[in-house]
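Structure file entry-v9.txt with compact mmCIF, C-alpha atoms:
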# COMPACT_ATOMS: atom_id res chain seq x y z
CA MET A 1 21.07 -32.28 18.79
CA SER A 2 17.50 -31.55 17.73
CA ASN A 3 17.54 -28.56 20.06
CA LEU A 4 19.87 -26.85 17.61
CA LEU A 5 16.62 -25.88 15.90
CA THR A 6 13.64 -27.11 17.89
CA GLY A 7 12.72 -28.71 21.17
CA GLY A 8 10.43 -26.36 23.08
CA ASP A 9 11.05 -23.18 24.98
CA LEU A 10 14.55 -22.28 26.08
CA ARG A 11 15.78 -19.75 28.59
CA ALA A 12 18.35 -17.11 27.70
CA ARG A 13 21.82 -18.66 27.42
CA GLU A 14 20.51 -22.26 27.17
CA HIS A 15 20.91 -22.26 23.40
CA HIS A 16 24.54 -21.17 23.93
CA ARG A 17 25.22 -24.40 25.79
CA ILE A 18 23.49 -26.44 23.10
CA GLU A 19 25.47 -24.79 20.31
CA ASP A 20 28.81 -24.95 22.13
CA ASP A 21 28.29 -28.61 23.03
CA ALA A 22 27.47 -29.32 19.39
CA ARG A 23 30.68 -27.60 18.26
CA GLU A 24 32.72 -29.79 20.59
CA GLU A 25 30.90 -32.97 19.48
CA GLY A 26 31.54 -32.49 15.78
CA PRO A 27 31.12 -30.26 12.74
CA LEU A 28 27.80 -31.55 11.38
CA HIS A 29 24.43 -32.27 12.96
CA ALA A 30 21.43 -33.66 11.09
CA VAL A 31 18.19 -31.82 11.87
CA THR A 32 14.63 -31.87 10.60
CA LEU A 33 12.53 -28.72 10.34
CA PRO A 34 8.88 -28.74 11.48
CA ASN A 35 7.81 -29.02 7.81
CA GLY A 36 9.89 -32.21 7.45
CA VAL A 37 12.78 -30.75 5.43
CA LYS A 38 16.13 -32.29 6.41
CA MET A 39 19.42 -30.41 6.55
CA GLN A 40 22.75 -30.25 8.35
CA VAL A 41 23.72 -27.61 10.92
CA VAL A 42 27.43 -26.77 10.86
CA THR A 43 29.07 -25.98 14.23
CA VAL A 44 32.76 -25.22 13.83
CA GLY A 45 35.27 -22.60 14.97
CA LEU A 46 35.41 -19.01 13.81
CA GLU A 47 38.15 -19.43 11.21
CA LEU A 48 36.49 -22.37 9.44
CA THR A 49 33.09 -20.66 9.68
CA ARG A 50 34.46 -17.67 7.79
CA GLN A 51 35.97 -19.97 5.18
CA LEU A 52 32.67 -21.76 4.65
CA LEU A 53 30.75 -18.49 4.35
CA THR A 54 32.89 -17.65 1.32
CA ASP A 55 33.09 -21.17 -0.15
CA GLN A 56 31.58 -21.08 -3.66
CA ARG A 57 30.79 -24.80 -3.45
CA LEU A 58 28.10 -23.87 -0.93
CA SER A 59 25.59 -22.10 -3.14
CA LYS A 60 22.93 -19.62 -2.09
CA ASP A 61 21.14 -19.70 -5.43
CA SER A 62 17.38 -19.33 -4.96
CA ALA A 63 16.43 -21.78 -7.73
CA ARG A 64 18.72 -24.52 -6.39
CA LEU A 65 17.50 -24.05 -2.82
CA GLN A 66 13.86 -24.08 -3.82
CA ARG A 67 14.24 -27.17 -6.01
CA GLU A 68 15.75 -29.21 -3.16
CA ILE A 69 13.26 -28.01 -0.55
CA LYS A 70 10.30 -28.69 -2.86
CA ARG A 71 11.73 -32.11 -3.74
CA GLN A 72 11.84 -33.06 -0.08
CA LEU A 73 8.36 -31.67 0.55
CA ALA A 74 6.98 -33.64 -2.41
CA GLU A 75 8.49 -36.86 -1.01
CA LEU A 76 6.62 -36.11 2.22
CA GLY A 77 3.36 -35.79 0.28
CA SER A 78 3.13 -32.02 0.60
CA THR A 79 1.20 -30.11 -2.06
CA GLN A 80 2.81 -26.79 -1.10
CA GLU A 81 3.62 -24.89 -4.29
CA ASN A 82 5.20 -21.72 -2.92
CA LEU A 83 7.91 -21.20 -0.34
CA ALA A 84 8.24 -18.24 2.02
CA GLY A 85 9.16 -14.99 0.30
CA LEU A 86 12.58 -15.06 1.94
CA PHE A 87 13.53 -17.83 -0.53
CA GLY A 88 12.94 -15.49 -3.48
CA PRO A 89 15.71 -14.38 -5.90
CA SER A 90 17.13 -11.60 -3.73
CA MET A 91 20.80 -10.82 -3.21
CA LEU A 92 20.55 -13.04 -0.11
CA ASN A 93 19.72 -16.05 -2.28
CA SER A 94 22.03 -15.60 -5.23
CA ASP A 95 25.60 -16.29 -6.27
CA ASN A 96 27.90 -14.05 -8.27
CA PRO A 97 27.59 -12.46 -10.76
CA GLN A 98 23.87 -12.11 -9.99
CA HIS A 99 24.58 -11.34 -6.34
CA ALA A 100 26.99 -8.54 -7.25
CA ARG A 101 24.45 -7.06 -9.66
CA LEU A 102 21.64 -6.99 -7.09
CA ARG A 103 23.85 -5.76 -4.27
CA ALA A 104 25.16 -2.87 -6.34
CA LEU A 105 21.61 -1.56 -6.78
CA ALA A 106 21.00 -1.48 -3.00
CA VAL A 107 24.40 -0.66 -1.55
CA ARG A 108 24.12 3.12 -1.90
CA ALA A 109 21.26 3.22 0.56
CA PHE A 110 23.21 1.34 3.24
CA ASN A 111 26.81 2.47 2.95
CA GLY A 112 28.49 4.25 5.87
CA ARG A 113 27.73 7.77 4.68
CA ALA A 114 24.10 6.99 3.96
CA VAL A 115 23.64 5.43 7.39
CA GLN A 116 25.20 8.42 9.14
CA ARG A 117 22.72 10.67 7.35
CA MET A 118 19.99 8.60 9.06
CA ALA A 119 21.47 9.26 12.51
CA PRO A 120 19.35 12.34 13.38
CA SER A 121 16.17 10.51 12.37
CA ILE A 122 17.15 7.43 14.38
CA GLU A 123 17.94 9.62 17.40
CA ALA A 124 14.51 11.24 17.10
CA ILE A 125 12.61 7.94 16.70
CA SER A 126 14.45 6.40 19.65
CA SER A 127 13.89 9.48 21.82
CA GLU A 128 10.17 9.55 21.03
CA LEU A 129 9.66 5.86 21.83
CA ILE A 130 11.75 5.98 25.02
CA GLY A 131 9.99 9.17 26.07
CA ARG A 132 6.71 7.23 26.22
CA LEU A 133 8.06 4.58 28.62
CA PRO A 134 6.88 4.78 32.24
CA GLU A 135 9.31 4.87 35.15
CA GLY A 136 9.10 2.67 38.23
CA VAL A 137 6.68 0.04 36.91
CA GLU A 138 7.33 -3.26 35.17
CA ILE A 139 7.20 -3.13 31.37
CA ASP A 140 8.12 -5.53 28.59
CA LEU A 141 10.96 -3.81 26.77
CA VAL A 142 10.66 -6.16 23.79
CA ARG A 143 7.07 -5.14 23.09
CA GLU A 144 7.41 -1.48 24.09
CA LEU A 145 10.73 -0.63 22.42
CA ALA A 146 12.88 -3.35 20.83
CA VAL A 147 10.21 -4.43 18.34
CA PRO A 148 8.66 -1.09 17.31
CA MET A 149 11.98 0.79 17.04
CA PRO A 150 13.43 -1.03 13.98
CA MET A 151 10.06 -1.10 12.24
CA HIS A 152 9.83 2.67 12.51
CA VAL A 153 13.38 3.04 11.19
CA ILE A 154 13.14 0.55 8.34
CA GLY A 155 9.69 1.91 7.52
CA GLU A 156 11.14 5.39 7.09
CA VAL A 157 14.07 4.13 5.04
CA LEU A 158 12.00 1.94 2.73
CA GLY A 159 8.93 4.14 2.54
CA LEU A 160 6.38 1.85 4.20
CA PRO A 161 3.26 3.89 5.00
CA ALA A 162 3.03 4.46 8.76
CA ARG A 163 -0.51 3.04 8.87
CA ASP A 164 0.73 -0.32 7.58
CA ARG A 165 3.75 -0.92 9.80
CA ALA A 166 2.04 -2.61 12.74
CA GLN A 167 0.37 -5.17 10.47
CA VAL A 168 3.61 -5.75 8.53
CA ARG A 169 5.33 -6.42 11.85
CA VAL A 170 2.72 -9.03 12.82
CA LEU A 171 3.06 -10.77 9.44
CA ILE A 172 6.85 -10.88 9.75
CA GLU A 173 6.70 -12.39 13.22
CA THR A 174 4.16 -14.99 12.07
CA MET A 175 6.16 -15.86 8.96
CA MET A 176 9.34 -16.32 11.01
CA SER A 177 7.64 -18.76 13.40
CA MET A 178 8.24 -22.50 13.08
CA GLU A 179 4.57 -23.28 12.48
CA PRO A 180 4.05 -24.17 8.78
CA GLU A 181 0.26 -23.85 9.00
CA VAL A 182 0.51 -20.12 9.79
CA SER A 183 3.95 -19.08 8.50
CA GLN A 184 3.19 -19.77 4.83
CA PRO A 185 -0.16 -17.89 4.80
CA ALA A 186 1.59 -14.95 6.48
CA SER A 187 4.28 -15.01 3.79
CA ASP A 188 1.62 -15.07 1.08
CA GLU A 189 -0.21 -12.14 2.65
CA LEU A 190 3.03 -10.18 2.96
CA ALA A 191 3.79 -10.92 -0.70
CA GLY A 192 0.37 -9.53 -1.67
CA TYR A 193 1.07 -6.39 0.35
CA PHE A 194 4.47 -5.83 -1.28
CA HIS A 195 2.98 -6.43 -4.73
CA SER A 196 0.33 -3.77 -4.12
CA LEU A 197 2.91 -1.37 -2.71
CA LEU A 198 5.36 -1.81 -5.59
CA THR A 199 2.77 -1.64 -8.36
CA GLY A 200 0.44 0.99 -6.89
CA ASN A 201 0.60 4.76 -6.87
CA GLY A 202 1.37 5.18 -3.18
CA LEU A 203 5.09 4.41 -3.35
CA ASP A 204 7.27 7.30 -2.20
CA ALA A 205 9.72 7.98 -5.04
CA GLY A 206 12.25 9.29 -2.52
CA SER A 207 12.25 6.08 -0.48
CA LEU A 208 14.56 3.12 -1.00
CA PHE A 209 11.73 1.04 -2.49
CA GLY A 210 10.92 3.90 -4.81
CA ALA A 211 14.55 4.24 -5.83
CA LEU A 212 14.95 0.49 -6.38
CA ALA A 213 11.77 0.32 -8.45
CA THR A 214 13.13 2.94 -10.85
CA ALA A 215 16.88 2.23 -10.61
CA VAL A 216 18.63 1.73 -13.94
CA ASP A 217 22.37 1.15 -14.26
CA ASP A 218 24.69 2.45 -16.97
CA GLU A 219 23.82 -0.46 -19.23
CA GLY A 220 20.07 -0.02 -18.84
CA ASP A 221 19.67 -2.94 -16.42
CA HIS A 222 16.93 -2.79 -13.79
CA LEU A 223 15.25 -5.06 -11.25
CA SER A 224 12.44 -7.29 -12.45
CA HIS A 225 9.21 -7.40 -10.45
CA ASP A 226 10.19 -10.77 -8.93
CA GLU A 227 13.57 -9.32 -7.92
CA LEU A 228 11.87 -6.28 -6.38
CA MET A 229 9.54 -8.55 -4.43
CA ALA A 230 12.45 -10.63 -3.15
CA MET A 231 14.35 -7.48 -2.22
CA ALA A 232 11.32 -6.20 -0.32
CA PHE A 233 11.14 -9.39 1.73
CA LEU A 234 14.85 -9.30 2.45
CA LEU A 235 15.10 -5.65 3.47
CA VAL A 236 11.94 -5.50 5.56
CA VAL A 237 12.42 -8.81 7.38
CA ALA A 238 16.18 -8.48 7.86
CA GLY A 239 15.88 -4.82 8.75
CA HIS A 240 13.28 -5.47 11.41
CA GLU A 241 13.68 -8.92 12.92
CA THR A 242 17.45 -8.93 13.42
CA SER A 243 17.65 -5.38 14.80
CA ALA A 244 14.76 -5.97 17.21
CA SER A 245 16.47 -9.08 18.57
CA LEU A 246 19.85 -7.34 18.82
CA ILE A 247 18.39 -4.42 20.82
CA ALA A 248 16.71 -6.82 23.27
CA ASN A 249 19.84 -8.97 23.60
CA VAL A 250 22.12 -6.00 24.30
CA VAL A 251 19.78 -4.58 26.96
CA HIS A 252 19.51 -8.01 28.58
CA ASP A 253 23.29 -8.55 28.49
CA ALA A 254 24.08 -5.15 29.99
CA LEU A 255 21.67 -5.81 32.87
CA ASP A 256 22.62 -9.46 33.29
CA ASN A 257 26.33 -8.66 33.54
CA GLY A 258 26.08 -5.66 35.88
CA LEU A 259 27.16 -3.19 33.20
CA TRP A 260 24.09 -0.95 32.98
CA GLU A 261 25.25 1.81 35.35
CA LYS A 262 28.77 1.65 33.90
CA ALA A 263 27.34 2.34 30.46
CA ALA A 264 25.24 5.18 31.90
CA ASN A 265 28.36 6.76 33.38
CA ASP A 266 30.56 6.07 30.35
CA PRO A 267 28.67 6.16 27.02
CA GLU A 268 31.84 5.12 25.20
CA LEU A 269 31.25 1.62 26.58
CA VAL A 270 28.09 1.30 24.50
CA PRO A 271 29.72 0.25 21.17
CA ARG A 272 31.79 -2.35 23.04
CA LEU A 273 28.65 -3.73 24.68
CA VAL A 274 26.99 -4.04 21.28
CA GLU A 275 30.02 -5.78 19.79
CA GLU A 276 30.38 -8.25 22.67
CA THR A 277 26.69 -9.14 22.39
CA LEU A 278 27.13 -9.70 18.66
CA ARG A 279 29.95 -12.11 19.47
CA HIS A 280 28.60 -13.83 22.56
CA ASN A 281 24.82 -13.66 22.19
CA PRO A 282 24.01 -13.03 18.51
CA PRO A 283 20.40 -12.55 17.43
CA VAL A 284 21.11 -14.55 14.27
CA ARG A 285 21.84 -18.16 15.25
CA SER A 286 22.72 -19.40 11.77
CA ALA A 287 23.54 -17.95 8.39
CA THR A 288 20.70 -18.50 5.93
CA HIS A 289 20.40 -21.64 3.84
CA ARG A 290 23.11 -22.95 1.54
CA ILE A 291 23.26 -26.03 -0.69
CA ALA A 292 26.35 -28.03 -1.59
CA VAL A 293 26.85 -28.08 -5.38
CA GLU A 294 29.57 -30.73 -5.08
CA PRO A 295 30.94 -32.90 -2.26
CA VAL A 296 32.56 -30.66 0.38
CA GLU A 297 34.75 -31.70 3.30
CA ILE A 298 33.90 -29.88 6.53
CA GLY A 299 35.99 -30.62 9.58
CA GLY A 300 36.99 -34.03 8.21
CA VAL A 301 33.43 -35.03 7.24
CA VAL A 302 32.37 -35.09 3.58
CA VAL A 303 29.05 -33.41 2.82
CA PRO A 304 27.35 -34.92 -0.26
CA GLU A 305 26.24 -32.80 -3.18
CA GLY A 306 22.69 -31.51 -2.73
CA THR A 307 22.89 -31.24 1.07
CA LEU A 308 21.10 -28.25 2.62
CA LEU A 309 23.25 -26.49 5.22
CA LEU A 310 22.89 -23.93 7.98
CA ILE A 311 26.17 -22.52 9.32
CA ASN A 312 25.82 -21.75 13.02
CA LEU A 313 27.19 -18.34 14.02
CA GLY A 314 26.83 -18.42 17.80
CA ALA A 315 29.17 -21.39 18.22
CA ALA A 316 31.70 -19.64 15.98
CA GLY A 317 31.65 -16.41 18.01
CA ARG A 318 32.19 -18.32 21.24
CA CYS A 319 34.98 -20.43 19.75
CA PRO A 320 37.68 -21.01 22.43
CA ARG A 321 40.35 -21.12 19.73
CA ALA A 322 39.44 -17.55 18.73
CA HIS A 323 38.91 -16.02 22.19
CA ALA A 324 40.19 -16.57 25.73
CA GLN A 325 37.29 -17.27 28.13
CA ALA A 326 35.10 -17.38 25.03
CA GLY A 327 32.00 -18.37 26.99
CA GLU A 328 32.20 -15.30 29.24
CA TYR A 329 30.73 -11.88 28.49
CA ARG A 330 33.62 -9.41 28.82
CA LEU A 331 34.29 -5.85 27.68
CA ASP A 332 38.08 -6.00 28.14
CA ARG A 333 38.75 -8.08 25.04
CA GLU A 334 41.38 -6.78 22.64
CA THR A 335 39.43 -8.29 19.75
CA THR A 336 35.77 -9.24 19.47
CA GLY A 337 35.92 -11.22 16.22
CA HIS A 338 32.67 -12.87 15.13
CA ALA A 339 30.73 -13.77 12.01
CA THR A 340 27.33 -12.55 13.15
CA PHE A 341 26.99 -10.27 10.11
CA GLY A 342 28.40 -12.94 7.83
CA HIS A 343 31.67 -12.84 5.96
CA GLY A 344 32.77 -12.25 2.40
CA PRO A 345 30.44 -11.26 -0.47
CA HIS A 346 27.29 -11.83 1.60
CA PHE A 347 28.41 -9.68 4.55
CA CYS A 348 25.27 -8.03 5.91
CA LEU A 349 24.44 -4.86 4.00
CA GLY A 350 22.57 -3.46 7.01
CA SER A 351 25.27 -4.05 9.63
CA ALA A 352 26.09 -0.35 10.06
CA LEU A 353 22.39 0.51 10.42
CA ALA A 354 21.82 -2.27 13.00
CA ARG A 355 24.80 -1.10 15.05
CA LEU A 356 23.67 2.54 14.90
CA GLU A 357 20.09 1.71 15.95
CA THR A 358 21.21 -0.45 18.85
CA GLU A 359 23.88 1.94 20.10
CA THR A 360 21.42 4.84 19.93
CA VAL A 361 18.77 2.97 21.95
CA LEU A 362 21.23 1.73 24.58
CA ARG A 363 22.90 5.12 25.00
CA GLN A 364 19.57 6.91 25.45
CA LEU A 365 18.13 4.24 27.76
CA THR A 366 21.14 4.10 30.09
CA SER A 367 21.43 7.88 30.16
CA ARG A 368 17.75 8.47 30.95
CA PHE A 369 17.22 5.44 33.23
CA PRO A 370 20.57 4.59 34.88
CA ARG A 371 18.88 2.63 37.73
CA THR A 372 17.07 0.15 35.49
CA THR A 373 16.68 -3.41 36.80
CA TYR A 374 15.61 -6.73 35.34
CA ALA A 375 12.20 -7.68 36.76
CA GLY A 376 11.96 -11.37 35.87
CA ALA A 377 12.06 -14.16 38.44
CA GLU A 378 14.35 -16.17 36.13
CA GLN A 379 16.11 -15.77 32.81
CA PRO A 380 13.70 -14.72 30.02
CA GLU A 381 12.41 -17.24 27.50
CA VAL A 382 13.87 -17.37 24.01
CA THR A 383 11.88 -18.18 20.89
CA HIS A 384 14.17 -19.88 18.43
CA ASN A 385 13.94 -21.14 14.86
CA ASP A 386 16.41 -22.24 12.22
CA ILE A 387 17.77 -18.70 11.82
CA MET A 388 16.87 -16.49 14.78
CA ALA A 389 17.01 -16.58 18.58
CA SER A 390 14.84 -13.81 20.04
CA LEU A 391 13.75 -12.96 23.56
CA LYS A 392 10.00 -13.46 23.89
CA SER A 393 9.86 -10.68 26.48
CA LEU A 394 12.21 -8.63 28.65
CA PRO A 395 10.54 -7.46 31.89
CA VAL A 396 12.34 -4.43 33.33
CA VAL A 397 11.70 -1.57 35.72
CA LEU A 398 13.13 1.68 34.43
CA GLY A 399 14.61 3.92 37.09
CA ARG A 400 16.28 7.30 37.11

Write the structure described by the file as structure tokens, please.
Amino acid sequence: MSNLLTGGDLRAREHHRIEDDAREEGPLHAVTLPNGVKMQVVTVGLELTRQLLTDQRLSKDSARLQREIKRQLAELGSTQENLAGLFGPSMLNSDNPQHARLRALAVRAFNGRAVQRMAPSIEAISSELIGRLPEGVEIDLVRELAVPMPMHVIGEVLGLPARDRAQVRVLIETMMSMEPEVSQPASDELAGYFHSLLTGNGLDAGSLFGALATAVDDEGDHLSHDELMAMAFLLVVAGHETSASLIANVVHDALDNGLWEKAANDPELVPRLVEETLRHNPPVRSATHRIAVEPVEIGGVVVPEGTLLLINLGAAGRCPRAHAQAGEYRLDRETTGHATFGHGPHFCLGSALARLETETVLRQLTSRFPRTTYAGAEQPEVTHNDIMASLKSLPVVLGR
């Protein structure tokens, strides 16, 4: 089951088969990352996936994760001293009470009311980008819309200077690749950029970064510089990479399932399209790294203490015990349960923003170009790593 993480290029939907087959074969699958680090990928049903995502025996503590990864790298003879910034002490890589403390400082910027206040700006950004797209000729919707849209949005929210966003996007994409020789230098360069941004004079005090840098709670607590750096990595990477992949996946799924014109004629279908894509074709393949702090039984198999784990989310969403015809893409489901945004304390803080961005793009695209068609000769290629599954390109012809 090496293809759970690696194994060359895949076409859209091929990783679904790999994940679903793995779920039927058993709950645990040993894999090795390109840097040599060994871990287990968990492929179980939706109910057990949700239980594991809240299991306190599976820690997300940054220090524990880094110790085990560095231990394995040292055994392989690696002299690598630093890990990618995403392994820093952010709320993503922390357990309670530290997780609750960090999350409380960021939650105000991403709660439902705050996200709705962003709606006019998101509408405007989407309209401007879509307004530039040509009609009647083949374009790559990933490059022209799905990738730049979230970077504009998260850049506005966080206060990234407009002149820097294209380069930040390139560094994120390089860091998220599975090529150690380029991903680590990209992470280091991104860390240098965030350090300069957070310690310089150019930070917008009204932005989320500006607010986090000066936030103090009732007891006088505030984020350390290392915590701010880790938060920067988390919010920029998560806010861009996952939303870009979700936009591309939803557009592909609407076209691939003959639902584009239906969505153009009935905009109320758009949220259901987004939700079914989140279930059936999630942009996030696996929840981020966990480590067992004691032996844990998963699906009848005992996982030893110290084991690194990735909990697969695609196999859980397409679990036949949770959904009838789980492998089919359907809008007539009474429930669309999934764990794509996680579950429990680590439920994705940006889920409402990701949904709003994607629904806005799809509604505007289908309304303006109801005769859009997929222009590829076969299903598009997917670039996949331990966490993400993203379309490399999405050739379409926009038509009115």

task = Rank A:Asp164, A:Asp221, A:Glu138, A:Glu359 by their smallest atom-to-atom distance to Gln98 (chain A), using all atoms listed in the file, and report the top residue only.
result =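 When distances to Gln98 (chain A) are compared using all atoms listed in the file, the smallest one comes from A:Asp221.
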
query = Which neighbours of Val44 (chain A) fall inside 9 Å, counting only C-alpha atoms, when residues of the same chain fewer than 3 positions from it are skipped, and could you give them as a list of chain:residue names?
reply = A:Ala22, A:Arg23, A:Glu24, A:Gly26, A:Pro27, A:Leu28, A:Glu47, A:Leu48, A:Thr49, A:Ile298, A:Gly299, A:Ile311, A:Asn312, A:Leu313, A:Ala315, A:Ala316, A:Cys319

Take the residues just selected and output them with C-alpha atoms as a PDB file, in the frame of the given file.
ATOM      1  CA  ALA A  22      27.470 -29.320  19.390  1.00  0.00           C
ATOM      2  CA  ARG A  23      30.680 -27.600  18.260  1.00  0.00           C
ATOM      3  CA  GLU A  24      32.720 -29.790  20.590  1.00  0.00           C
ATOM      4  CA  GLY A  26      31.540 -32.490  15.780  1.00  0.00           C
ATOM      5  CA  PRO A  27      31.120 -30.260  12.740  1.00  0.00           C
ATOM      6  CA  LEU A  28      27.800 -31.550  11.380  1.00  0.00           C
ATOM      7  CA  GLU A  47      38.150 -19.430  11.210  1.00  0.00           C
ATOM      8  CA  LEU A  48      36.490 -22.370   9.440  1.00  0.00           C
ATOM      9  CA  THR A  49      33.090 -20.660   9.680  1.00  0.00           C
ATOM     10  CA  ILE A 298      33.900 -29.880   6.530  1.00  0.00           C
ATOM     11  CA  GLY A 299      35.990 -30.620   9.580  1.00  0.00           C
ATOM     12  CA  ILE A 311      26.170 -22.520   9.320  1.00  0.00           C
ATOM     13  CA  ASN A 312      25.820 -21.750  13.020  1.00  0.00           C
ATOM     14  CA  LEU A 313      27.190 -18.340  14.020  1.00  0.00           C
ATOM     15  CA  ALA A 315      29.170 -21.390  18.220  1.00  0.00           C
ATOM     16  CA  ALA A 316      31.700 -19.640  15.980  1.00  0.00           C
ATOM     17  CA  CYS A 319      34.980 -20.430  19.750  1.00  0.00           C
TER      18      CYS A 319
END

Near Ser351 (chain A), counting all atoms listed in the file, which residues have an atom at most 9 Å away, once you skip same-chain residues fewer than 5 positions from it, shown as a short mmCIF file (atom, residue, chain, number, x, y, z; two decimals) with C-alpha atoms, keeping the file's coordinate frame?
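See part.cif below for the written result:
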data_model
loop_
_atom_site.label_atom_id
_atom_site.label_comp_id
_atom_site.auth_asym_id
_atom_site.auth_seq_id
_atom_site.Cartn_x
_atom_site.Cartn_y
_atom_site.Cartn_z
CA PHE A 110 23.21 1.34 3.24
CA PHE A 341 26.99 -10.27 10.11
CA LEU A 356 23.67 2.54 14.90
#

query = Mind pulling up the distance from CA of Gln167 (chain A) to CA of Arg285 (chain A)?
reply = 25.5 Å

query = Rounded to one decimal in Å, what is the spacing between CA of Pro282 (chain A) and CA of Val142 (chain A)?
reply = 15.9 Å

key: Residue among A:Ala213, A:Arg371, A:Gly159, A:Gly376 lying closest to Gly136 (chain A), counting only C-alpha atoms   = A:Arg371

query = Pick the closest to Cys348 (chain A) from A:Gly239, A:Pro271, A:Gly317, A:Pro370: which is it, counting all atoms listed in the file?
reply =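 Smallest separation from Cys348 (chain A) among the options: A:Gly239.
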
message = If we count all atoms listed in the file and set the cut-off at 9 Å, which residues sit around Gly344 (chain A), ignoring sequence neighbours fewer than 4 positions away in its own chain? Please answer as a list of chain:residue names.
response = A:Arg50, A:Gln51, A:Leu53, A:Thr54

request  = Dig up all the protein and nucleic acid residues within 8 Å of (21.6, -26.9, 0.0) in the file frame, using all atoms listed in the file, and format them as JSON, numbers by chain.
outcome  = {"A": [39, 58, 59, 60, 64, 65, 68, 289, 290, 291, 292, 293, 306, 307, 308, 309]}

request  = Please measure the separation of CA of Ala205 (chain A) and CA of Leu129 (chain A), giving the value in Å to one decimal.
outcome  =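 Result for CA of Ala205 (chain A) versus CA of Leu129 (chain A): 27.0 Å, one decimal.
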
Per residue of region 245-302 of chain A within 9 Å of region 391-396 of chain A, record the nearest atom pair and its distance in Å to one decimal, counting all atoms listed in the file, with rows in chain order and ascending residue number, as JSON lines.
{"residue": "A:Ser245", "atom": "CA", "partner": "A:Leu391", "partner_atom": "CA", "distance": 6.9}
{"residue": "A:Ala248", "atom": "CA", "partner": "A:Leu391", "partner_atom": "CA", "distance": 6.8}
{"residue": "A:Asn249", "atom": "CA", "partner": "A:Leu391", "partner_atom": "CA", "distance": 7.3}
{"residue": "A:Val251", "atom": "CA", "partner": "A:Leu394", "partner_atom": "CA", "distance": 8.8}
{"residue": "A:His252", "atom": "CA", "partner": "A:Leu394", "partner_atom": "CA", "distance": 7.3}

query = So which residues are close to (8.6, -10.4, -0.7), meaning at most 8 Å away in the file's coordinates with only C-alpha atoms counted, and can you show them as JSON, numbers by chain?
reply = {"A": [85, 86, 88, 187, 190, 191, 194, 195, 228, 229, 230, 231, 232, 233, 234]}

inquiry  = When you look at Pro180 (chain A) with a cut-off of 9 Å (counting only C-alpha atoms), what residues show up, excluding the ones that are within fewer than 4 positions of it in the same chain? I need them as a list in words.
reply    = Pro34, Asn35, Met175, Gln184 and Pro185 of chain A

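Remark: for His29 (chain A), the closest of the candidate residues A:Val301, A:Ala100, A:Leu269, A:Ala354 is A:Val301 (distances computed over all atoms listed in the file).
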
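Excluding Ala322 (chain A) and any residue on its chain fewer than 4 positions from it, the residues at most 10 Å away by only C-alpha atoms are Gly45, Leu46, Glu47, Ala316, Gly317, Arg318, Ala326, Thr335, Thr336, Gly337 and His338 of chain A.
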
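Closest approach to Leu105 (chain A) among A:Arg355, A:Gln325, A:Arg165, A:Leu349: A:Leu349, based on all atoms listed in the file.
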
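Of the listed residues (A:Pro380, A:Val236, A:Glu227, A:Glu328), A:Glu227 comes nearest to Arg101 (chain A); the distances count only C-alpha atoms.
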